[in-house]
file input17.cif (mmCIF, C-alpha atoms)
data_model
loop_
_atom_site.group_PDB
_atom_site.id
_atom_site.type_symbol
_atom_site.label_atom_id
_atom_site.label_comp_id
_atom_site.auth_asym_id
_atom_site.auth_seq_id
_atom_site.Cartn_x
_atom_site.Cartn_y
_atom_site.Cartn_z
ATOM 1 C CA MET A 1 11.548 18.148 5.331
ATOM 2 C CA ASN A 2 12.773 18.851 1.795
ATOM 3 C CA HIS A 3 10.125 17.975 -0.838
ATOM 4 C CA ARG A 4 12.598 15.754 -2.693
ATOM 5 C CA TYR A 5 13.429 13.751 0.438
ATOM 6 C CA THR A 6 9.720 13.479 1.235
ATOM 7 C CA ALA A 7 9.176 12.032 -2.237
ATOM 8 C CA TYR A 8 12.025 9.556 -1.693
ATOM 9 C CA PHE A 9 10.471 8.482 1.614
ATOM 10 C CA LEU A 10 7.069 7.951 -0.019
ATOM 11 C CA LEU A 11 8.641 5.919 -2.836
ATOM 12 C CA LEU A 12 10.537 3.813 -0.307
ATOM 13 C CA ILE A 13 7.192 2.940 1.297
ATOM 14 C CA VAL A 14 5.726 2.141 -2.136
ATOM 15 C CA SER A 15 8.698 -0.092 -3.003
ATOM 16 C CA ILE A 16 8.161 -2.055 0.237
ATOM 17 C CA ILE A 17 4.429 -2.399 -0.456
ATOM 18 C CA TRP A 18 4.956 -3.582 -4.037
ATOM 19 C CA GLY A 19 7.963 -5.728 -3.094
ATOM 20 C CA VAL A 20 5.870 -7.567 -0.500
ATOM 21 C CA ALA A 21 3.027 -7.863 -3.041
ATOM 22 C CA GLY A 22 4.791 -10.665 -4.953
ATOM 23 C CA PRO A 23 4.810 -13.157 -2.051
ATOM 24 C CA VAL A 24 1.320 -11.999 -1.009
ATOM 25 C CA ILE A 25 -0.016 -12.725 -4.512
ATOM 26 C CA LYS A 26 1.663 -16.152 -4.545
ATOM 27 C CA PHE A 27 0.287 -17.033 -1.094
ATOM 28 C CA THR A 28 -3.252 -15.831 -1.833
ATOM 29 C CA LEU A 29 -3.367 -17.670 -5.165
ATOM 30 C CA SER A 30 -3.278 -20.922 -3.185
ATOM 31 C CA SER A 31 -6.847 -20.132 -2.080
ATOM 32 C CA PHE A 32 -8.238 -18.171 -5.038
ATOM 33 C CA PRO A 33 -7.863 -18.953 -8.764
ATOM 34 C CA PRO A 34 -6.333 -15.948 -10.600
ATOM 35 C CA ILE A 35 -9.578 -14.745 -12.236
ATOM 36 C CA ILE A 36 -11.511 -14.865 -8.937
ATOM 37 C CA PHE A 37 -8.629 -13.138 -7.135
ATOM 38 C CA LEU A 38 -8.424 -10.390 -9.769
ATOM 39 C CA THR A 39 -12.170 -9.726 -9.964
ATOM 40 C CA TYR A 40 -12.511 -9.781 -6.176
ATOM 41 C CA ARG A 41 -9.594 -7.358 -5.819
ATOM 42 C CA PHE A 42 -10.800 -4.833 -8.373
ATOM 43 C CA ALA A 43 -14.393 -5.041 -7.159
ATOM 44 C CA LEU A 44 -13.166 -3.821 -3.776
ATOM 45 C CA ALA A 45 -10.851 -1.189 -5.297
ATOM 46 C CA SER A 46 -13.626 0.056 -7.606
ATOM 47 C CA ALA A 47 -16.057 0.302 -4.695
ATOM 48 C CA LEU A 48 -13.553 2.411 -2.771
ATOM 49 C CA GLY A 49 -12.920 4.626 -5.810
ATOM 50 C CA ALA A 50 -16.649 5.141 -6.390
ATOM 51 C CA THR A 51 -17.127 6.042 -2.728
ATOM 52 C CA LEU A 52 -14.315 8.602 -2.834
ATOM 53 C CA TRP A 53 -15.757 10.101 -6.019
ATOM 54 C CA ALA A 54 -19.207 10.354 -4.421
ATOM 55 C CA ILE A 55 -17.702 12.248 -1.489
ATOM 56 C CA ARG A 56 -15.504 14.471 -3.656
ATOM 57 C CA PRO A 57 -16.302 14.374 -7.396
ATOM 58 C CA PRO A 58 -13.216 14.859 -9.601
ATOM 59 C CA GLN A 59 -13.073 17.929 -11.820
ATOM 60 C CA PHE A 60 -11.156 17.956 -15.086
ATOM 61 C CA ARG A 61 -11.764 18.796 -18.734
ATOM 62 C CA LEU A 62 -12.079 16.080 -21.360
ATOM 63 C CA LYS A 63 -10.345 16.696 -24.680
ATOM 64 C CA ALA A 64 -11.053 14.875 -27.940
ATOM 65 C CA ASN A 65 -8.226 12.376 -27.411
ATOM 66 C CA THR A 66 -8.409 12.149 -23.618
ATOM 67 C CA VAL A 67 -11.006 9.358 -23.410
ATOM 68 C CA PRO A 68 -9.207 7.029 -25.884
ATOM 69 C CA HIS A 69 -5.960 7.559 -23.973
ATOM 70 C CA ILE A 70 -7.632 6.796 -20.637
ATOM 71 C CA ILE A 71 -9.268 3.639 -22.009
ATOM 72 C CA ALA A 72 -6.057 2.455 -23.689
ATOM 73 C CA HIS A 73 -4.055 3.060 -20.513
ATOM 74 C CA SER A 74 -6.634 1.276 -18.360
ATOM 75 C CA VAL A 75 -6.878 -1.821 -20.573
ATOM 76 C CA LEU A 76 -3.115 -2.145 -20.927
ATOM 77 C CA ALA A 77 -2.340 -1.445 -17.258
ATOM 78 C CA VAL A 78 -4.993 -3.607 -15.570
ATOM 79 C CA PRO A 79 -6.533 -6.459 -17.641
ATOM 80 C CA LEU A 80 -3.290 -7.040 -19.569
ATOM 81 C CA GLY A 81 -0.623 -5.702 -17.218
ATOM 82 C CA LEU A 82 -1.905 -6.821 -13.824
ATOM 83 C CA GLY A 83 -4.011 -9.671 -15.208
ATOM 84 C CA LEU A 84 -1.085 -11.408 -16.907
ATOM 85 C CA LEU A 85 1.086 -10.628 -13.879
ATOM 86 C CA PHE A 86 -1.262 -12.597 -11.603
ATOM 87 C CA PHE A 87 -1.470 -15.527 -14.031
ATOM 88 C CA GLY A 88 2.328 -15.438 -14.247
ATOM 89 C CA PHE A 89 2.813 -15.531 -10.483
ATOM 90 C CA ASP A 90 0.425 -18.487 -10.380
ATOM 91 C CA LYS A 91 2.902 -20.487 -12.492
ATOM 92 C CA THR A 92 6.283 -19.355 -11.144
ATOM 93 C CA SER A 93 7.941 -18.524 -7.819
ATOM 94 C CA SER A 94 7.294 -15.171 -6.163
ATOM 95 C CA LEU A 95 11.049 -14.489 -5.956
ATOM 96 C CA THR A 96 11.544 -15.057 -9.694
ATOM 97 C CA GLY A 97 8.454 -12.983 -10.489
ATOM 98 C CA SER A 98 9.657 -10.118 -8.266
ATOM 99 C CA VAL A 99 13.104 -9.995 -9.888
ATOM 100 C CA ILE A 100 11.631 -10.028 -13.399
ATOM 101 C CA SER A 101 9.114 -7.359 -12.347
ATOM 102 C CA ALA A 102 11.965 -5.139 -11.165
ATOM 103 C CA THR A 103 13.017 -4.723 -14.808
ATOM 104 C CA GLY A 104 9.848 -2.706 -15.437
ATOM 105 C CA PRO A 105 11.764 0.602 -15.836
ATOM 106 C CA ILE A 106 13.871 -1.004 -18.573
ATOM 107 C CA MET A 107 10.641 -1.887 -20.393
ATOM 108 C CA VAL A 108 9.447 1.703 -19.959
ATOM 109 C CA ALA A 109 12.705 2.991 -21.460
ATOM 110 C CA ILE A 110 12.246 0.731 -24.483
ATOM 111 C CA ALA A 111 8.605 1.813 -24.864
ATOM 112 C CA GLY A 112 9.644 5.463 -24.664
ATOM 113 C CA MET A 113 12.252 4.902 -27.364
ATOM 114 C CA LEU A 114 9.796 3.142 -29.681
ATOM 115 C CA LEU A 115 6.666 5.232 -29.062
ATOM 116 C CA LEU A 116 7.967 8.658 -28.030
ATOM 117 C CA LYS A 117 11.250 8.507 -29.975
ATOM 118 C CA GLU A 118 13.193 9.211 -26.773
ATOM 119 C CA HIS A 119 16.954 9.070 -27.207
ATOM 120 C CA ILE A 120 18.849 6.207 -25.565
ATOM 121 C CA THR A 121 22.660 6.410 -25.453
ATOM 122 C CA LYS A 122 25.021 3.558 -26.263
ATOM 123 C CA PRO A 123 25.836 2.802 -22.575
ATOM 124 C CA GLU A 124 22.101 2.742 -21.854
ATOM 125 C CA ARG A 125 21.573 0.340 -24.740
ATOM 126 C CA ILE A 126 24.279 -1.933 -23.331
ATOM 127 C CA GLY A 127 22.673 -1.802 -19.887
ATOM 128 C CA ILE A 128 19.233 -2.568 -21.304
ATOM 129 C CA PHE A 129 20.662 -5.470 -23.320
ATOM 130 C CA LEU A 130 22.294 -6.971 -20.212
ATOM 131 C CA ALA A 131 19.113 -6.541 -18.165
ATOM 132 C CA LEU A 132 17.087 -8.300 -20.849
ATOM 133 C CA LEU A 133 19.742 -11.027 -21.137
ATOM 134 C CA GLY A 134 19.544 -11.612 -17.384
ATOM 135 C CA THR A 135 15.763 -11.760 -17.623
ATOM 136 C CA LEU A 136 16.086 -14.362 -20.391
ATOM 137 C CA ILE A 137 18.441 -16.459 -18.236
ATOM 138 C CA ILE A 138 15.986 -16.415 -15.335
ATOM 139 C CA THR A 139 13.048 -17.121 -17.647
ATOM 140 C CA VAL A 140 14.525 -20.279 -19.197
ATOM 141 C CA GLY A 141 16.431 -21.206 -16.028
ATOM 142 C CA PRO A 142 13.862 -23.843 -14.926
ATOM 143 C CA MET A 143 14.892 -25.951 -17.937
ATOM 144 C CA VAL A 144 18.310 -26.484 -16.321
ATOM 145 C CA GLY A 145 16.758 -28.205 -13.327
ATOM 146 C CA GLY A 146 14.879 -30.588 -15.575
ATOM 147 C CA ASN A 147 11.957 -30.945 -13.175
ATOM 148 C CA GLY A 148 8.416 -31.639 -14.241
ATOM 149 C CA HIS A 149 7.312 -28.070 -13.555
ATOM 150 C CA ALA A 150 9.931 -26.494 -15.847
ATOM 151 C CA LEU A 151 7.577 -25.663 -18.718
ATOM 152 C CA ILE A 152 4.946 -24.300 -16.317
ATOM 153 C CA SER A 153 7.549 -22.021 -14.686
ATOM 154 C CA ILE A 154 8.786 -20.799 -18.075
ATOM 155 C CA GLU A 155 5.195 -20.044 -19.091
ATOM 156 C CA GLY A 156 4.696 -18.056 -15.898
ATOM 157 C CA ASN A 157 7.929 -16.099 -16.461
ATOM 158 C CA LEU A 158 6.904 -15.274 -20.034
ATOM 159 C CA LEU A 159 3.486 -14.080 -18.878
ATOM 160 C CA ILE A 160 5.163 -11.699 -16.432
ATOM 161 C CA ILE A 161 7.427 -10.350 -19.189
ATOM 162 C CA VAL A 162 4.425 -9.713 -21.453
ATOM 163 C CA SER A 163 2.617 -8.029 -18.550
ATOM 164 C CA LEU A 164 5.597 -5.708 -18.043
ATOM 165 C CA ALA A 165 5.595 -4.823 -21.735
ATOM 166 C CA ALA A 166 1.875 -3.986 -21.590
ATOM 167 C CA ASP A 167 2.382 -1.918 -18.430
ATOM 168 C CA ALA A 168 5.316 -0.070 -20.027
ATOM 169 C CA ILE A 169 3.144 1.010 -22.950
ATOM 170 C CA ALA A 170 0.428 1.990 -20.461
ATOM 171 C CA THR A 171 2.967 4.137 -18.595
ATOM 172 C CA VAL A 172 3.872 6.017 -21.774
ATOM 173 C CA ILE A 173 0.173 6.623 -22.510
ATOM 174 C CA ALA A 174 -0.332 7.728 -18.901
ATOM 175 C CA LYS A 175 2.339 10.403 -19.390
ATOM 176 C CA VAL A 176 0.274 11.774 -22.274
ATOM 177 C CA SER A 177 -2.931 11.720 -20.187
ATOM 178 C CA LEU A 178 -1.228 13.463 -17.268
ATOM 179 C CA ARG A 179 0.014 16.153 -19.657
ATOM 180 C CA ASP A 180 -3.640 16.616 -20.632
ATOM 181 C CA ARG A 181 -4.219 17.369 -16.938
ATOM 182 C CA VAL A 182 -6.134 14.206 -16.084
ATOM 183 C CA PRO A 183 -5.659 13.850 -12.284
ATOM 184 C CA ALA A 184 -3.497 10.865 -11.393
ATOM 185 C CA ILE A 185 -6.005 9.505 -8.875
ATOM 186 C CA VAL A 186 -8.739 9.700 -11.531
ATOM 187 C CA LEU A 187 -6.566 7.753 -13.962
ATOM 188 C CA THR A 188 -5.902 5.123 -11.290
ATOM 189 C CA ASN A 189 -9.529 4.704 -10.217
ATOM 190 C CA ILE A 190 -10.831 4.540 -13.796
ATOM 191 C CA SER A 191 -8.259 1.868 -14.644
ATOM 192 C CA PHE A 192 -9.393 -0.197 -11.633
ATOM 193 C CA MET A 193 -13.041 0.146 -12.645
ATOM 194 C CA ILE A 194 -12.355 -0.772 -16.267
ATOM 195 C CA GLY A 195 -10.298 -3.704 -15.018
ATOM 196 C CA PHE A 196 -13.240 -4.952 -12.953
ATOM 197 C CA VAL A 197 -15.613 -4.598 -15.926
ATOM 198 C CA CYS A 198 -13.167 -6.553 -18.122
ATOM 199 C CA PHE A 199 -12.552 -9.357 -15.616
ATOM 200 C CA LEU A 200 -16.187 -9.883 -14.611
ATOM 201 C CA PRO A 201 -17.391 -11.506 -17.899
ATOM 202 C CA PHE A 202 -14.422 -13.912 -17.887
ATOM 203 C CA LEU A 203 -15.183 -14.798 -14.284
ATOM 204 C CA LEU A 204 -18.857 -15.521 -15.004
ATOM 205 C CA TYR A 205 -17.917 -17.509 -18.119
ATOM 206 C CA THR A 206 -15.367 -19.621 -16.224
ATOM 207 C CA TYR A 207 -17.255 -20.253 -12.982
ATOM 208 C CA SER A 208 -20.879 -20.470 -11.922
ATOM 209 C CA ILE A 209 -22.218 -18.067 -9.294
ATOM 210 C CA GLN A 210 -22.363 -20.924 -6.812
ATOM 211 C CA GLU A 211 -18.714 -21.848 -7.442
ATOM 212 C CA ILE A 212 -17.641 -18.237 -6.985
ATOM 213 C CA VAL A 213 -19.583 -17.826 -3.735
ATOM 214 C CA THR A 214 -18.360 -21.170 -2.405
ATOM 215 C CA THR A 215 -14.724 -20.380 -3.223
ATOM 216 C CA ILE A 216 -14.845 -16.981 -1.547
ATOM 217 C CA ALA A 217 -16.855 -18.190 1.460
ATOM 218 C CA SER A 218 -14.629 -21.217 2.106
ATOM 219 C CA ALA A 219 -11.331 -19.327 1.777
ATOM 220 C CA PRO A 220 -9.396 -18.790 5.018
ATOM 221 C CA LEU A 221 -9.184 -15.371 6.620
ATOM 222 C CA SER A 222 -5.535 -15.062 5.575
ATOM 223 C CA ALA A 223 -6.571 -15.279 1.893
ATOM 224 C CA HIS A 224 -9.127 -12.473 2.315
ATOM 225 C CA ILE A 225 -6.470 -10.371 4.055
ATOM 226 C CA GLY A 226 -4.255 -10.964 1.007
ATOM 227 C CA VAL A 227 -6.999 -9.659 -1.305
ATOM 228 C CA LEU A 228 -7.589 -6.650 0.948
ATOM 229 C CA TYR A 229 -3.867 -5.911 0.927
ATOM 230 C CA MET A 230 -3.736 -6.022 -2.871
ATOM 231 C CA ALA A 231 -6.919 -3.941 -3.272
ATOM 232 C CA PHE A 232 -6.303 -1.156 -0.772
ATOM 233 C CA ILE A 233 -2.626 -1.183 0.281
ATOM 234 C CA SER A 234 -0.898 -2.331 -2.911
ATOM 235 C CA GLY A 235 -3.668 -0.734 -4.988
ATOM 236 C CA THR A 236 -5.214 2.566 -3.949
ATOM 237 C CA LEU A 237 -2.685 3.586 -1.265
ATOM 238 C CA ALA A 238 0.508 2.680 -3.154
ATOM 239 C CA TYR A 239 -0.640 4.278 -6.416
ATOM 240 C CA THR A 240 -1.678 7.452 -4.564
ATOM 241 C CA LEU A 241 1.658 7.731 -2.734
ATOM 242 C CA GLN A 242 3.532 7.166 -5.985
ATOM 243 C CA LYS A 243 1.621 9.930 -7.763
ATOM 244 C CA LEU A 244 2.221 12.312 -4.840
ATOM 245 C CA ALA A 245 5.953 11.633 -5.109
ATOM 246 C CA MET A 246 5.874 12.298 -8.864
ATOM 247 C CA LYS A 247 4.942 15.913 -8.154
ATOM 248 C CA SER A 248 8.370 16.601 -6.614
ATOM 249 C CA ILE A 249 10.841 14.500 -8.629
ATOM 250 C CA GLU A 250 11.389 13.248 -12.156
ATOM 251 C CA VAL A 251 9.618 10.172 -13.465
ATOM 252 C CA GLY A 252 12.996 8.525 -14.108
ATOM 253 C CA GLU A 253 13.879 8.782 -10.425
ATOM 254 C CA VAL A 254 10.515 7.269 -9.495
ATOM 255 C CA ALA A 255 11.250 4.214 -11.633
ATOM 256 C CA VAL A 256 14.592 3.577 -9.904
ATOM 257 C CA PHE A 257 12.762 2.455 -6.750
ATOM 258 C CA ASN A 258 11.345 -0.533 -8.674
ATOM 259 C CA TYR A 259 14.759 -2.127 -8.393
ATOM 260 C CA LEU A 260 14.236 -2.484 -4.633
ATOM 261 C CA PHE A 261 11.369 -4.967 -5.096
ATOM 262 C CA PRO A 262 13.505 -8.142 -4.832
ATOM 263 C CA ILE A 263 15.119 -6.872 -1.612
ATOM 264 C CA TRP A 264 11.750 -6.876 0.150
ATOM 265 C CA ALA A 265 10.412 -9.955 -1.647
ATOM 266 C CA ALA A 266 13.385 -12.251 -1.063
ATOM 267 C CA PRO A 267 13.078 -12.714 2.751
ATOM 268 C CA LEU A 268 9.345 -13.466 2.500
ATOM 269 C CA ALA A 269 9.809 -15.807 -0.462
ATOM 270 C CA LEU A 270 12.548 -17.767 1.307
ATOM 271 C CA TRP A 271 11.216 -17.886 4.868
ATOM 272 C CA TRP A 272 7.437 -17.572 4.459
ATOM 273 C CA LEU A 273 6.896 -19.483 1.211
ATOM 274 C CA GLY A 274 9.931 -21.772 1.443
ATOM 275 C CA GLU A 275 11.154 -21.011 -2.091
ATOM 276 C CA LYS A 276 14.635 -21.973 -3.276
ATOM 277 C CA ILE A 277 17.366 -19.976 -5.010
ATOM 278 C CA THR A 278 18.819 -21.768 -8.064
ATOM 279 C CA LEU A 279 22.100 -21.200 -9.929
ATOM 280 C CA PRO A 280 20.378 -19.855 -13.115
ATOM 281 C CA PHE A 281 18.446 -17.448 -10.886
ATOM 282 C CA VAL A 282 21.660 -16.145 -9.268
ATOM 283 C CA ILE A 283 23.395 -15.748 -12.651
ATOM 284 C CA GLY A 284 20.375 -14.045 -14.219
ATOM 285 C CA ALA A 285 19.898 -11.707 -11.244
ATOM 286 C CA ALA A 286 23.585 -10.737 -11.364
ATOM 287 C CA VAL A 287 23.412 -9.965 -15.106
ATOM 288 C CA ILE A 288 20.208 -7.932 -14.578
ATOM 289 C CA ALA A 289 21.841 -5.980 -11.733
ATOM 290 C CA THR A 290 24.885 -5.214 -13.909
ATOM 291 C CA GLY A 291 22.695 -4.013 -16.763
ATOM 292 C CA VAL A 292 20.573 -1.880 -14.469
ATOM 293 C CA VAL A 293 23.625 -0.204 -12.899
ATOM 294 C CA ILE A 294 25.071 0.631 -16.336
ATOM 295 C CA ALA A 295 21.763 1.963 -17.708
ATOM 296 C CA GLU A 296 20.781 3.933 -14.610
ATOM 297 C CA TYR A 297 24.257 5.437 -14.118
ATOM 298 C CA LYS A 298 24.131 6.994 -17.567
ATOM 299 C CA ARG A 299 20.556 8.174 -17.095
ATOM 300 C CA ARG A 300 21.473 9.841 -13.777
ATOM 301 C CA GLN A 301 24.401 11.583 -15.477
ATOM 302 C CA LYS A 302 22.035 13.015 -18.107
ATOM 303 C CA ARG A 303 19.591 14.229 -15.424
ATOM 304 C CA ARG A 304 22.410 15.976 -13.529
ATOM 305 C CA GLN A 305 23.573 17.709 -16.703
ATOM 306 C CA LYS A 306 20.029 18.971 -17.364
ATOM 307 C CA ARG A 307 19.795 20.413 -13.816
ATOM 308 C CA ARG A 308 23.055 22.316 -14.262
ATOM 309 C CA LYS A 309 21.856 24.010 -17.467
#

call {"tool": "encode", "arguments": {"input": "input17.cif", "output": "structure tokens"}}
result
Amino acid sequence: MNHRYTAYFLLLIVSIIWGVAGPVIKFTLSSFPPIIFLTYRFALASALGATLWAIRPPQFRLKANTVPHIIAHSVLAVPLGLGLLFFGFDKTSSLTGSVISATGPIMVAIAGMLLLKEHITKPERIGIFLALLGTLIITVGPMVGGNGHALISIEGNLLIIVSLAADAIATVIAKVSLRDRVPAIVLTNISFMIGFVCFLPFLLYTYSIQEIVTTIASAPLSAHIGVLYMAFISGTLAYTLQKLAMKSIEVGEVAVFNYLFPIWAAPLALWWLGEKITLPFVIGAAVIATGVVIAEYKRRQKRRQKRRK
């Protein structure tokens, strides 16, 4: 099979895993508070990473700026990026969170423009503006319904947006680290370990040891399966498959698969979790889709032109 098609196949699997992750997070949060869920997840992921390193120690050279880049990426990607994402999903619907999360590549494009001075054309700017406008519509949409949970939902949506911004900056820093020849799996495992170290003090400050043990011990098996899914399937496996795909295709093409998240999340959110689709959600999703098509069409044109040269 052609390497490019193999990469597409791997990214399709990753998009399914991360698309399903939204409803899984929402379901599992009914049994575990966010901070317990997060610490539990990254404790398992860190244990797996340490085991893999013990079996096959990673080999790479550290430069003067490599360590600061790794630490900055890890803090932004896990405690801020994933941490705020979990707290956001705790306060909003999984379907809304998945659609907002699908705008991650737009955030990366903005971060690249601001931090790496990457050029963005006028059509791309229009597409990005529409995608952000659609995100804004979905974010404040709960106010239209006027229900008592409106402010909580808006807070959750905002937390997810901030998490995407943090993850976008982390992605730009990761590009720098990968150029310094830091192995992708090393970057992933270190970020998980740093995430665990960051979450643990907050966990111990918020809950007593007895409360933590009681919460974990009394949780149903389905909740533990949710944590295992997020730690090993959505964590180590998905990140590894994504990095393998990056070896064969451009980073921009990798990001396009993020837009598939709502396709996989929607059936689970509607049938499994019983969530509802509102008019502001439909309008916002349509505006986001229009913006994404405009932005990505222009970006694909630029990539084709580069290949022809």

call {"tool": "closest_atom_pairs", "arguments": {"input": "input17.cif", "of": "region 1-65 of chain A", "to": "region 232-241 of chain A", "cutoff": "8 Å", "atoms": "all atoms listed in the file", "output": "JSON lines"}}
result
{"residue": "A:Leu10", "atom": "CA", "partner": "A:Leu241", "partner_atom": "CA", "distance": 6.1}
{"residue": "A:Leu11", "atom": "CA", "partner": "A:Leu241", "partner_atom": "CA", "distance": 7.2}
{"residue": "A:Val14", "atom": "CA", "partner": "A:Ala238", "partner_atom": "CA", "distance": 5.3}
{"residue": "A:Ile17", "atom": "CA", "partner": "A:Ser234", "partner_atom": "CA", "distance": 5.9}
{"residue": "A:Trp18", "atom": "CA", "partner": "A:Ser234", "partner_atom": "CA", "distance": 6.1}
{"residue": "A:Ala21", "atom": "CA", "partner": "A:Ser234", "partner_atom": "CA", "distance": 6.8}
{"residue": "A:Leu44", "atom": "CA", "partner": "A:Phe232", "partner_atom": "CA", "distance": 8.0}
{"residue": "A:Ala45", "atom": "CA", "partner": "A:Phe232", "partner_atom": "CA", "distance": 6.4}

call {"tool": "atom_distance", "arguments": {"input": "input17.cif", "atom1": "CA of Asn65 (chain A)", "atom2": "CA of Ala77 (chain A)"}}
result
18.1 Å

call {"tool": "resolve_selection", "arguments": {"input": "input17.cif", "expression": "the PyMOL selection byres ((chain A and resi 130) around 10)", "output": "list of chain:residue names"}}
result
A:Glu124, A:Arg125, A:Ile126, A:Gly127, A:Ile128, A:Phe129, A:Ala131, A:Leu132, A:Leu133, A:Gly134, A:Thr135, A:Leu136, A:Gly284, A:Ala286, A:Val287, A:Ile288, A:Ala289, A:Thr290, A:Gly291, A:Val292, A:Ile294, A:Ala295

call {"tool": "write_last_selection", "arguments": {"input": "input17.cif", "atoms": "C-alpha atoms", "output": "PDB file, in the coordinates of the input"}}
result
ATOM      1  CA  GLU A 124      22.101   2.742 -21.854  1.00  0.00           C
ATOM      2  CA  ARG A 125      21.573   0.340 -24.740  1.00  0.00           C
ATOM      3  CA  ILE A 126      24.279  -1.933 -23.331  1.00  0.00           C
ATOM      4  CA  GLY A 127      22.673  -1.802 -19.887  1.00  0.00           C
ATOM      5  CA  ILE A 128      19.233  -2.568 -21.304  1.00  0.00           C
ATOM      6  CA  PHE A 129      20.662  -5.470 -23.320  1.00  0.00           C
ATOM      7  CA  ALA A 131      19.113  -6.541 -18.165  1.00  0.00           C
ATOM      8  CA  LEU A 132      17.087  -8.300 -20.849  1.00  0.00           C
ATOM      9  CA  LEU A 133      19.742 -11.027 -21.137  1.00  0.00           C
ATOM     10  CA  GLY A 134      19.544 -11.612 -17.384  1.00  0.00           C
ATOM     11  CA  THR A 135      15.763 -11.760 -17.623  1.00  0.00           C
ATOM     12  CA  LEU A 136      16.086 -14.362 -20.391  1.00  0.00           C
ATOM     13  CA  GLY A 284      20.375 -14.045 -14.219  1.00  0.00           C
ATOM     14  CA  ALA A 286      23.585 -10.737 -11.364  1.00  0.00           C
ATOM     15  CA  VAL A 287      23.412  -9.965 -15.106  1.00  0.00           C
ATOM     16  CA  ILE A 288      20.208  -7.932 -14.578  1.00  0.00           C
ATOM     17  CA  ALA A 289      21.841  -5.980 -11.733  1.00  0.00           C
ATOM     18  CA  THR A 290      24.885  -5.214 -13.909  1.00  0.00           C
ATOM     19  CA  GLY A 291      22.695  -4.013 -16.763  1.00  0.00           C
ATOM     20  CA  VAL A 292      20.573  -1.880 -14.469  1.00  0.00           C
ATOM     21  CA  ILE A 294      25.071   0.631 -16.336  1.00  0.00           C
ATOM     22  CA  ALA A 295      21.763   1.963 -17.708  1.00  0.00           C
TER      23      ALA A 295
END

call {"tool": "resolve_selection", "arguments": {"input": "input17.cif", "expression": "the PyMOL selection byres ((chain A and resi 78-95) around 6)", "output": "PyMOL selection string"}}
result
chain A and resi 22-23+26+34+74-77+96-98+152-153+156+159-160+163+166-167+195+266+269

call {"tool": "write_last_selection", "arguments": {"input": "input17.cif", "atoms": "C-alpha atoms", "output": "mmCIF file, in the frame of the given file"}}
result
data_model
loop_
_atom_site.group_PDB
_atom_site.id
_atom_site.type_symbol
_atom_site.label_atom_id
_atom_site.label_comp_id
_atom_site.auth_asym_id
_atom_site.auth_seq_id
_atom_site.Cartn_x
_atom_site.Cartn_y
_atom_site.Cartn_z
ATOM 1 C CA GLY A 22 4.791 -10.665 -4.953
ATOM 2 C CA PRO A 23 4.810 -13.157 -2.051
ATOM 3 C CA LYS A 26 1.663 -16.152 -4.545
ATOM 4 C CA PRO A 34 -6.333 -15.948 -10.600
ATOM 5 C CA SER A 74 -6.634 1.276 -18.360
ATOM 6 C CA VAL A 75 -6.878 -1.821 -20.573
ATOM 7 C CA LEU A 76 -3.115 -2.145 -20.927
ATOM 8 C CA ALA A 77 -2.340 -1.445 -17.258
ATOM 9 C CA THR A 96 11.544 -15.057 -9.694
ATOM 10 C CA GLY A 97 8.454 -12.983 -10.489
ATOM 11 C CA SER A 98 9.657 -10.118 -8.266
ATOM 12 C CA ILE A 152 4.946 -24.300 -16.317
ATOM 13 C CA SER A 153 7.549 -22.021 -14.686
ATOM 14 C CA GLY A 156 4.696 -18.056 -15.898
ATOM 15 C CA LEU A 159 3.486 -14.080 -18.878
ATOM 16 C CA ILE A 160 5.163 -11.699 -16.432
ATOM 17 C CA SER A 163 2.617 -8.029 -18.550
ATOM 18 C CA ALA A 166 1.875 -3.986 -21.590
ATOM 19 C CA ASP A 167 2.382 -1.918 -18.430
ATOM 20 C CA GLY A 195 -10.298 -3.704 -15.018
ATOM 21 C CA ALA A 266 13.385 -12.251 -1.063
ATOM 22 C CA ALA A 269 9.809 -15.807 -0.462
#

call {"tool": "closest_residue", "arguments": {"input": "input17.cif", "among": "A:Gln210, A:Ser218, A:Trp53, A:Leu114", "to": "Asn189 (chain A)", "atoms": "only C-alpha atoms"}}
result
A:Trp53

call {"tool": "residues_near_point", "arguments": {"input": "input17.cif", "point": "(-14.4, -9.1, -10.4)", "cutoff": "8 Å", "atoms": "all atoms listed in the file", "output": "PyMOL selection string"}}
result
chain A and resi 35-43+196-197+199-200+203

call {"tool": "write_last_selection", "arguments": {"input": "input17.cif", "atoms": "C-alpha atoms", "output": "PDB file, keeping the file's coordinate frame"}}
result
ATOM      1  CA  ILE A  35      -9.578 -14.745 -12.236  1.00  0.00           C
ATOM      2  CA  ILE A  36     -11.511 -14.865  -8.937  1.00  0.00           C
ATOM      3  CA  PHE A  37      -8.629 -13.138  -7.135  1.00  0.00           C
ATOM      4  CA  LEU A  38      -8.424 -10.390  -9.769  1.00  0.00           C
ATOM      5  CA  THR A  39     -12.170  -9.726  -9.964  1.00  0.00           C
ATOM      6  CA  TYR A  40     -12.511  -9.781  -6.176  1.00  0.00           C
ATOM      7  CA  ARG A  41      -9.594  -7.358  -5.819  1.00  0.00           C
ATOM      8  CA  PHE A  42     -10.800  -4.833  -8.373  1.00  0.00           C
ATOM      9  CA  ALA A  43     -14.393  -5.041  -7.159  1.00  0.00           C
ATOM     10  CA  PHE A 196     -13.240  -4.952 -12.953  1.00  0.00           C
ATOM     11  CA  VAL A 197     -15.613  -4.598 -15.926  1.00  0.00           C
ATOM     12  CA  PHE A 199     -12.552  -9.357 -15.616  1.00  0.00           C
ATOM     13  CA  LEU A 200     -16.187  -9.883 -14.611  1.00  0.00           C
ATOM     14  CA  LEU A 203     -15.183 -14.798 -14.284  1.00  0.00           C
TER      15      LEU A 203
END
